[in-house]
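One structure is given below, encoded as structure tokens.
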Amino acid sequence: VSNVAGNLGALIPVIAILVRRLPPIRHPSTRVLKLFKDFWLYCVVFGFVPVEPQSARIWPTEWYEGVREIAIKSPYLIAQTNAKLEMRELQYTSAVRNESVSISELQELRNQILKMSIRSSDIAAYVAKMQFAQITYLLSVYWVETLRVANSPEPSLEPIMEYLSDSDLQKDKTGMWQCICSVGDSVFARFKDVMQRKPKDEKRERELENHTQFLLVNFNHVHKQIRRVADKYLSALVDAFPHLLWNCRVLWSMLDILQVLAFSLQLDPNEESPSLQIPGTPYTIHLMDSLEAREIIVKDFAA
């Protein structure tokens, strides 16, 4: 195994140089997505990820540095189409088969995900029933998204919300959505830490405003789970940066969103639900199907 790991690990600095020249990969082909999924699986299995403490790392430093660079450009580890089917087929499409892993190795991987979770008690029952392919997928998402947010020049909450907004993941019966939500809490904690360490200048202020606008829009998402997550992140962001409450752009965005939501009450709910643009932002809000549901959204946001 160490020979295979050594041969694969030696490729990491080369891959890092290649992706350094590329823009972030946002719409990968099925083949490219599979290659990245396999890459992150091997990183998890062979320990190419920068675990703490540093004394636990057994590979050359440049390999860990390469993995950080690759995370920044890596596509989200979720299919653009039919994630439900993909979740069901994880065990068949994984580069390493479930049956080739011992019970003790599987338990060690389960322990890893629980150790990295902020609220491990919430997901322990789900994790205990998960097989190798599911656990390594979760660990892959954890590492690619925490490393992305920690090393990107402009960290963002959009990637983790992309996973959480996937309707097929939300319907998954094995608790995968709840586990990704727990990973999301770890990603958010890292994101908050990165933002707090940035110089307190106008650039950081613009970034904080944009993140707040993004969360305000998601606070009005059609899915209740996403509204709850956005609410939780908004509260934590305002706790960390209280001045956002009276920031001019944030206040304008709140009023703009409220105006758009109020306008939505005048639209015929029997027609196809449109997405409405929020002025001064790149974001849109997709409307609920019924007038009653739209009224509840307006009431919640105005509260």
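To be explicit about the labels: the chains of the structure tokens are called A, B, and onward in the order shown, and within each one the residues are counted from 1, while ligands get numbers from 1 in the order they are shown.
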Can you list, as a tab-separated table (two decimals) with C-alpha atoms, in the first residue's frame, every protein, DNA or RNA residue that comes within 7 Å of segment 60-68 of chain A when you count only C-alpha atoms, leaving out same-chain residues fewer than 3 positions away?
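As written to disk, part-v6.tsv reads:
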```
chain	number	residue	atom	x	y	z
A	9	GLY	CA	1.52	11.19	-3.77
A	12	ILE	CA	0.27	15.80	-6.23
A	13	PRO	CA	2.79	18.65	-6.83
A	16	ALA	CA	-1.13	21.38	-8.25
A	48	PHE	CA	-2.51	13.16	2.02
A	49	VAL	CA	-4.80	15.65	3.82
A	50	PRO	CA	-3.15	18.03	6.33
A	71	ALA	CA	-8.83	22.20	-3.18
A	72	ILE	CA	-9.15	25.85	-4.29
A	147	LEU	CA	-9.32	23.53	2.61
A	151	ASN	CA	-6.91	28.82	1.34
```
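Residues surrounding segment 24-40 of chain A within 7 Å are Ile72, Lys73, Ser74, Pro75, Leu77, Ala95 and Ser140 of chain A [only C-alpha atoms; sequence separation below 5 positions excluded].
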Counting only C-alpha atoms, what is within 7 Å of segment 188-199 of chain A, bar same-chain residues fewer than 4 positions away, as a PyMOL selection string?
chain A and resi 146+149-150+155+184+204
Residue selection dump (N, CA and C atoms) as a CSV table (one decimal), in the first residue's frame:
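Just written: result37.csv:
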```csv
chain,number,residue,atom,x,y,z
A,146,THR,N,-13.3,22.5,3.5
A,146,THR,CA,-12.6,23.3,4.6
A,146,THR,C,-11.3,23.8,4.0
A,149,VAL,N,-12.1,26.9,1.7
A,149,VAL,CA,-12.4,28.1,2.4
A,149,VAL,C,-11.2,28.7,3.2
A,150,ALA,N,-10.3,27.8,3.6
A,150,ALA,CA,-9.2,28.3,4.4
A,150,ALA,C,-8.1,28.8,3.5
A,155,PRO,N,-12.6,33.6,0.3
A,155,PRO,CA,-13.5,32.5,0.7
A,155,PRO,C,-14.9,32.7,0.6
A,184,GLY,N,-20.9,21.3,7.0
A,184,GLY,CA,-21.1,22.7,6.7
A,184,GLY,C,-20.8,23.6,7.9
A,204,ARG,N,-12.2,43.8,3.1
A,204,ARG,CA,-12.9,42.8,3.9
A,204,ARG,C,-14.3,43.2,4.1
```
Check segment 142-276 of chain A with DSSP on the backbone and list each residue it calls helix (DSSP H, G or I), as a PyMOL selection string.
chain A and resi 142-151+158-164+167-171+176-197+202-218+224-240+242-246+248-264
Using only C-alpha atoms, pick whichever of A:Asp172, A:Asp300, A:Glu69, A:Asp289 has the shortest atom-to-atom distance to Ser152 of chain A.
A:Glu69
